[in-house]
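J.: Would you mind keeping the following structure in view while I ask a few things?
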Amino acid sequence: MKNIRLYLYLLVSVLCFCCNSNNKKAKFNTSFEDRYTLIESDTKIIKLDSLTDPYKENHSFYEDLQKNKSYLYLLGRLDNSLQIYDWNTGNLISKVKLETGGPEGVGTVSSILAHNVDSVFILASYDLQLSLLNSSNKLLKKRSLIFSADGKDRLGEGVFPSYKQSCPMFLVKNKMILGGYPSIDPSDKNYYTKGYTSMTLNLTNGKLSYLTKFPQDFIDKDDNGYKLISEQIYPSQAVNYSENTYLISYSTADFIERINLSTNKKEEYYAGGRSIDDIEWARKSMDVAKEFKYFVKQPNYSGVYYDKYRQIYLRVLDIPNPEKIDEFDGRLWTRTIIIILDKNLKKVGEVPLPFTYSMPSIIIAKDGIYIRKYVEDENKMVFTCFKLEAKK
Amino acid sequence: MKYLIYAIVFFVCLSACDNNSYQEEEEGLKEISYRYKGSSTLSKKLYLVTSIDGCGACVEHTIKYIEDNIKNEESLFIISGQSKVQLKAKFKLDVRNSPNFVCDTLLLALRKKVVGTANPRVYLCRNGKIVEMKEFTYQNSDSVFKRVSLFFKEKQ
């Protein structure tokens with residue numbers, strides 16, 4: 001009798017364990033039809049000047065379909081400059097050094113949005129300031145992300161806006177959407193429970209409101225003694241203007257969140273890599289000095305994009321490079337896989353890129369999907385054009 | 001037997017006192033010095049080592065210090081990094097051309113663990129040996145440089 005009871009306990013425990021494990025996977029249907037791929041086509045080279053570090057910049061692509069002209073707007077973080085390149089030739093058209101302080105100052109530049117040739121938004125993350133420049137680089141408007149337009153009211157702790165290329169700003173009607181991480185000490189419990197990961201700034205009245213918070217899954221992990229390390233806190237974001245929806249992707253989550261900007265309804269969609277299980281979080285006790293090496297040994301979702309021309313979504317997944325043996329062997333730490341989702345956010349493809357891509361940024365153009373290639377040459381930025389093709 | 005134990009303890013203590021806790025860093029600094037300056041002795045009083053990609057605020061403070069003290073012949077400033085663009089943007093030509101400045105493009109300082117990727121370090125040396133090491137954080141640069149200044153004033 002005693003033995004039967006023991007077996008029953010064991011059986012119940014095993015069943016509980018099975019139900020509890022891999023909750024996330026059970027939540028989503030992870031199977032997919034591998035129907036699309038990306039085919040490498042032309043290469044685009046942007047010729048940089050000697051004071052522009054190709055990996056200390058932020059850029060924004062602007063395509064004027066009526067005039068058949070495309071431009072790459074680039075912020076040089078080393079010299080606080082705004083540069084405009086002709087996308088077709090890769091040549092520099094203009095470069096101007098932006099003031100950091102004073103009445104015309106835009107702060108220390110970190111992120112750019114070229115809305116059109118006469119409206120260029122510059123974000124200074126550390127100054128918590130957003131500026132609008134016209135085509136003559138004249139400052140038209142400045143908005144604080146801390147204080148109201150009249151400088152009297154504090155807008156709240158808010159979000160520290162990301163300067164990462166994978167988290168560009170989006171202008172939806174008169175509101176600027178900025179993604180980032182909570183402006184709260186990460187060791188504080190409120191970081192996960194009360195902090196926000198994106199916000200909207202009303203450019204007309206300067207009012208801030210918040211859009212997204214960390215998913216419940218993250219709060220649970222915090223409760224269980226795990227933390228996001230500094231490289232993992234940056235989300236990436238995208239907007240589908242025709243549907244008026246916003247997407248946010250967290251680096252450790254196999255799903256993405258879509259928010260309807262009209263109704264604020266939130267939905268989660270599975271967008272994980274084929275062979276990726278739940279990404280292991282770091283223990284809170286992990287020494288900061290060990291975080292980078294831990295980070296590059298974990299899969300990482302480093303970007304999300306909406307391609308309005310082909311009506312697909314792309315998610316960038318970086319996995320540890322199996323060829324990397326030694327810290328100083330010159331090989332890239334990670335390699336990239338592009339996950340393709342259809343317009344309903346159903347996964348329809350997964351494309352591993354060659355070993356020359358690592359946490360790349362993507363430019364969506366009418367003629368193709370341009371993915372940034374890693375090159376050692378500091379005098380240029382290289383993008384490879386990929387064409388979307390249905391698998392036969 | 002008792003005396004034998006005392007003797008063992010005594011010798012262990014003696015060897016521990018003699019043990020050089022900076023041996024690895026000394027070897028690293030000597031190799032950098034030999035590779036870039038042709039001398040494998042630690043003849044300077046101060047070695048300031050930083051990765052060019054390190055923690056923004058810490059590196060900024062060290063850059064300022066290097067610019068102000070580049071003519072100090074008792075110092076060697078080692079910048080570990082491969083980006084020529086960053087080097088050019090962060091240091092003026094006269095600093096880059098100074099004999100007290102080393103651009104460690106081979107990343108020896110990082111490979112030999114003389115410095116980490118984030119925080120710059122200073123090594124204070126006497127008679128060809130490291131006697132003290134201080135690492136910068138984003139908030140302690142003033143106290144580190146104060147210590148360096150005192151060290152220069154101390155009798156060697």
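In the structure tokens, the first chain shown is A, the next is B, and so on; residue numbers restart at 1 for each chain, and ligands run from 1 in the order shown.
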Listing only residues of chain B within 9 Å of chain A, what is the closest atom pair and its distance in Å (to one decimal) for each, using only C-alpha atoms, sorted by chain and residue number ascending, as JSON lines?
T.:
{"residue": "B:Ser83", "atom": "CA", "partner": "A:Glu378", "partner_atom": "CA", "distance": 7.5}
{"residue": "B:Lys84", "atom": "CA", "partner": "A:Glu378", "partner_atom": "CA", "distance": 8.0}
{"residue": "B:Val85", "atom": "CA", "partner": "A:Leu51", "partner_atom": "CA", "distance": 5.6}
{"residue": "B:Gln86", "atom": "CA", "partner": "A:Asp53", "partner_atom": "CA", "distance": 6.6}
{"residue": "B:Lys88", "atom": "CA", "partner": "A:Leu51", "partner_atom": "CA", "distance": 7.3}
{"residue": "B:Ala89", "atom": "CA", "partner": "A:Leu51", "partner_atom": "CA", "distance": 6.2}
{"residue": "B:Lys90", "atom": "CA", "partner": "A:Leu78", "partner_atom": "CA", "distance": 8.0}
{"residue": "B:Leu107", "atom": "CA", "partner": "A:Phe328", "partner_atom": "CA", "distance": 8.5}
{"residue": "B:Arg111", "atom": "CA", "partner": "A:Phe328", "partner_atom": "CA", "distance": 7.5}
{"residue": "B:Gly116", "atom": "CA", "partner": "A:Ala289", "partner_atom": "CA", "distance": 8.4}
{"residue": "B:Thr117", "atom": "CA", "partner": "A:Ala289", "partner_atom": "CA", "distance": 8.9}
{"residue": "B:Ala118", "atom": "CA", "partner": "A:Ala289", "partner_atom": "CA", "distance": 8.3}
J.: Need to verify the contact set: Val59 (chain B), 9 Å, only C-alpha atoms, exclusion of same-chain residues closer than 5 positions in sequence. Can you return it as a PyMOL selection string?
T.: chain B and resi 50-54+64+118-120+136+138
J.: Using N, CA and C atoms, can you export the residues from the last selection as a short mmCIF file (atom, residue, chain, number, x, y, z; two decimals), in the first residue's frame?
T.:
data_model
loop_
_atom_site.label_atom_id
_atom_site.label_comp_id
_atom_site.auth_asym_id
_atom_site.auth_seq_id
_atom_site.Cartn_x
_atom_site.Cartn_y
_atom_site.Cartn_z
N THR B 50 43.79 51.78 -21.57
CA THR B 50 42.34 51.78 -21.80
C THR B 50 41.99 51.16 -23.15
N SER B 51 40.84 50.55 -23.19
CA SER B 51 40.31 50.10 -24.47
C SER B 51 39.58 51.29 -25.07
N ILE B 52 39.75 51.50 -26.35
CA ILE B 52 39.11 52.68 -26.96
C ILE B 52 37.58 52.57 -26.96
N ASP B 53 37.09 51.34 -26.86
CA ASP B 53 35.65 51.10 -26.85
C ASP B 53 35.08 51.00 -25.45
N GLY B 54 35.88 51.34 -24.45
CA GLY B 54 35.44 51.14 -23.06
C GLY B 54 34.30 52.04 -22.63
N LYS B 64 40.86 63.03 -21.41
CA LYS B 64 41.16 64.39 -20.93
C LYS B 64 42.50 64.38 -20.17
N ALA B 118 35.93 47.19 -20.59
CA ALA B 118 35.13 48.34 -20.17
C ALA B 118 35.92 49.42 -19.42
N ASN B 119 36.62 49.04 -18.36
CA ASN B 119 37.18 50.06 -17.47
C ASN B 119 38.68 50.27 -17.63
N PRO B 120 39.09 51.52 -17.85
CA PRO B 120 40.53 51.81 -17.94
C PRO B 120 41.23 51.52 -16.61
N PHE B 136 39.26 52.30 -13.15
CA PHE B 136 38.26 53.39 -13.17
C PHE B 136 36.85 52.82 -13.24
N TYR B 138 32.71 54.67 -13.56
CA TYR B 138 32.23 55.95 -14.10
C TYR B 138 32.20 57.05 -13.04
#
J.: Counting only C-alpha atoms, which residue out of A:Ile338, A:Ala271, A:Leu228, A:Leu261 sits closest to Tyr294 (chain A)?
T.: A:Leu228
J.: Step one, run DSSP on the backbone; step two, keep only residues of region 59-111 of chain B assigned to helix (DSSP H, G or I); then write them as a PyMOL selection string.
T.: chain B and resi 59-69+84-90+93-96+108-111
J.: Please provide as a list in words all residues within 6 Å of Leu124 (chain B), with the sequence filter that same-chain residues fewer than 5 positions apart are discarded (counting only C-alpha atoms).
T.: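 In the requested form, the answer reads Lys45, Leu46, Ile130, Val131 and Glu132 of chain B.
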J.: Using only C-alpha atoms, determine which residues lie at most 12 Å from region 67-74 of chain B, disregarding the query and same-chain residues fewer than 4 positions distant; provide the list as an MDAnalysis selection string.
T.: chainID B and resid 42:48 60:63 78 90:102 124:126 145 148:149 151:152
J.: Any chance you could export the current selection's N, CA and C atoms as a compact mmCIF listing (two decimals), in the first residue's frame?
T.:
# COMPACT_ATOMS: atom_id res chain seq x y z
N LEU B 42 59.99 48.13 -17.24
CA LEU B 42 58.96 49.08 -16.85
C LEU B 42 59.65 50.32 -16.26
N SER B 43 60.08 51.19 -17.17
CA SER B 43 60.86 52.34 -16.72
C SER B 43 60.01 53.55 -16.35
N LYS B 44 58.72 53.51 -16.64
CA LYS B 44 57.85 54.65 -16.32
C LYS B 44 57.22 54.45 -14.94
N LYS B 45 56.74 55.57 -14.39
CA LYS B 45 56.06 55.47 -13.09
C LYS B 45 54.58 55.15 -13.28
N LEU B 46 54.03 55.65 -14.38
CA LEU B 46 52.60 55.47 -14.62
C LEU B 46 52.35 54.82 -15.98
N TYR B 47 51.55 53.77 -15.97
CA TYR B 47 51.04 53.19 -17.21
C TYR B 47 49.53 53.31 -17.15
N LEU B 48 48.97 54.09 -18.06
CA LEU B 48 47.50 54.23 -18.12
C LEU B 48 47.04 53.44 -19.34
N GLU B 60 36.20 58.95 -21.39
CA GLU B 60 36.23 60.40 -21.59
C GLU B 60 37.17 61.08 -20.58
N HIS B 61 37.06 60.66 -19.33
CA HIS B 61 37.94 61.24 -18.30
C HIS B 61 39.40 60.90 -18.57
N THR B 62 39.66 59.69 -19.02
CA THR B 62 41.06 59.32 -19.25
C THR B 62 41.63 60.06 -20.47
N ILE B 63 40.78 60.26 -21.47
CA ILE B 63 41.24 61.01 -22.65
C ILE B 63 41.67 62.41 -22.24
N ILE B 78 48.53 53.86 -23.00
CA ILE B 78 48.31 52.75 -23.95
C ILE B 78 46.82 52.67 -24.30
N LYS B 90 39.16 60.82 -31.37
CA LYS B 90 39.28 61.03 -29.93
C LYS B 90 40.58 61.70 -29.51
N PHE B 91 41.65 61.52 -30.29
CA PHE B 91 42.95 62.09 -29.90
C PHE B 91 43.50 62.99 -31.00
N LYS B 92 43.99 64.15 -30.56
CA LYS B 92 44.57 65.10 -31.52
C LYS B 92 45.88 64.55 -32.07
N LEU B 93 46.29 65.09 -33.19
CA LEU B 93 47.49 64.59 -33.87
C LEU B 93 48.73 64.64 -32.97
N ASP B 94 48.91 65.76 -32.23
CA ASP B 94 50.11 65.88 -31.39
C ASP B 94 50.11 64.84 -30.28
N VAL B 95 48.93 64.43 -29.82
CA VAL B 95 48.84 63.38 -28.79
C VAL B 95 49.21 62.04 -29.42
N ARG B 96 48.62 61.78 -30.59
CA ARG B 96 48.88 60.49 -31.26
C ARG B 96 50.36 60.33 -31.62
N ASN B 97 51.01 61.45 -31.92
CA ASN B 97 52.42 61.38 -32.33
C ASN B 97 53.40 61.42 -31.16
N SER B 98 52.89 61.56 -29.96
CA SER B 98 53.79 61.68 -28.80
C SER B 98 54.50 60.35 -28.51
N PRO B 99 55.77 60.41 -28.06
CA PRO B 99 56.47 59.17 -27.70
C PRO B 99 55.88 58.49 -26.47
N ASN B 100 55.05 59.23 -25.73
CA ASN B 100 54.43 58.63 -24.53
C ASN B 100 53.09 57.99 -24.83
N PHE B 101 52.77 57.88 -26.09
CA PHE B 101 51.45 57.37 -26.49
C PHE B 101 51.63 56.09 -27.31
N VAL B 102 50.87 55.07 -26.96
CA VAL B 102 50.94 53.82 -27.72
C VAL B 102 49.54 53.47 -28.20
N LEU B 124 50.80 51.84 -11.21
CA LEU B 124 51.85 52.68 -10.65
C LEU B 124 53.07 51.79 -10.41
N CYS B 125 54.22 52.22 -10.91
CA CYS B 125 55.41 51.36 -10.87
C CYS B 125 56.57 52.02 -10.12
N ARG B 126 57.35 51.18 -9.47
CA ARG B 126 58.55 51.64 -8.78
C ARG B 126 59.63 50.59 -9.01
N PHE B 145 42.87 59.82 -10.10
CA PHE B 145 43.88 60.78 -10.55
C PHE B 145 44.56 61.48 -9.35
N VAL B 148 47.21 59.16 -8.31
CA VAL B 148 48.31 59.20 -9.27
C VAL B 148 49.20 60.42 -8.99
N SER B 149 48.54 61.53 -8.77
CA SER B 149 49.27 62.76 -8.51
C SER B 149 50.12 62.64 -7.23
N PHE B 151 51.27 59.88 -5.97
CA PHE B 151 52.32 58.90 -6.24
C PHE B 151 53.53 59.56 -6.90
N PHE B 152 53.23 60.49 -7.82
CA PHE B 152 54.33 61.20 -8.49
C PHE B 152 55.14 62.04 -7.49
J.: Give the strand (DSSP E) residues of region 63-240 of chain A, as DSSP finds them on the backbone, and put them as an MDAnalysis selection string.
T.: chainID A and resid 63:64 69:76 81:86 92:97 111:116 119:124 129:133 139:144 159:161 170:172 175:182 196:202 208:213 226:227 236:240
J.: Near Lys373 (chain A), within 9 Å and counting only C-alpha atoms, which residues show up once chain neighbours fewer than 3 positions away are dropped, as JSON, numbers by chain?
T.: {"A": [356, 357, 358, 360, 361, 381, 382, 383, 384]}
J.: Keeping N, CA and C atoms for every residue in the selection just given, could you write it to a file as a PDB file, in the first residue's frame?
T.:
ATOM      1  N   THR A 356      29.035  36.354 -42.662  1.00  0.00           N
ATOM      2  CA  THR A 356      29.496  37.745 -42.719  1.00  0.00           C
ATOM      3  C   THR A 356      28.439  38.717 -42.188  1.00  0.00           C
ATOM      4  N   TYR A 357      27.381  38.194 -41.603  1.00  0.00           N
ATOM      5  CA  TYR A 357      26.350  39.063 -41.029  1.00  0.00           C
ATOM      6  C   TYR A 357      26.262  38.793 -39.534  1.00  0.00           C
ATOM      7  N   SER A 358      26.175  39.849 -38.750  1.00  0.00           N
ATOM      8  CA  SER A 358      26.060  39.683 -37.310  1.00  0.00           C
ATOM      9  C   SER A 358      25.273  40.859 -36.745  1.00  0.00           C
ATOM     10  N   PRO A 360      22.668  42.405 -37.809  1.00  0.00           N
ATOM     11  CA  PRO A 360      22.624  43.447 -38.846  1.00  0.00           C
ATOM     12  C   PRO A 360      21.398  44.348 -38.737  1.00  0.00           C
ATOM     13  N   SER A 361      21.529  45.544 -39.293  1.00  0.00           N
ATOM     14  CA  SER A 361      20.357  46.390 -39.452  1.00  0.00           C
ATOM     15  C   SER A 361      19.807  46.126 -40.851  1.00  0.00           C
ATOM     16  N   MET A 381      30.150  51.468 -45.533  1.00  0.00           N
ATOM     17  CA  MET A 381      29.084  50.614 -45.004  1.00  0.00           C
ATOM     18  C   MET A 381      28.591  49.793 -46.186  1.00  0.00           C
ATOM     19  N   VAL A 382      28.371  48.520 -45.954  1.00  0.00           N
ATOM     20  CA  VAL A 382      27.967  47.654 -47.068  1.00  0.00           C
ATOM     21  C   VAL A 382      26.610  47.014 -46.765  1.00  0.00           C
ATOM     22  N   PHE A 383      25.703  47.135 -47.697  1.00  0.00           N
ATOM     23  CA  PHE A 383      24.387  46.495 -47.584  1.00  0.00           C
ATOM     24  C   PHE A 383      24.204  45.534 -48.756  1.00  0.00           C
ATOM     25  N   THR A 384      23.702  44.357 -48.465  1.00  0.00           N
ATOM     26  CA  THR A 384      23.416  43.413 -49.551  1.00  0.00           C
ATOM     27  C   THR A 384      21.914  43.393 -49.778  1.00  0.00           C
TER      28      THR A 384
END
J.: Under the rule that only C-alpha atoms are counted, which of A:Gly330, A:Pro235, A:Gly349, A:Pro168 is the nearest residue to Leu106 (chain B)?
T.: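 The answer is A:Gly330, which sits nearest to Leu106 (chain B).
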J.: For Ile276 (chain A), find every residue with an atom within 10 Å (counting only C-alpha atoms), except residues of its own chain fewer than 6 positions away, and show them as a ChimeraX atom specification.
T.: /A:254,298-300,317,319
J.: Please compute the CA of Ser39 (chain B)-CA of Lys129 (chain B) distance, one decimal, in Å.
T.: 14.5 Å
J.: Using only C-alpha atoms for the distances, tell me which of B:Ser141, B:Leu108, B:Cys103, B:Ile66 is nearest to Ile32 (chain B).
T.: B:Leu108
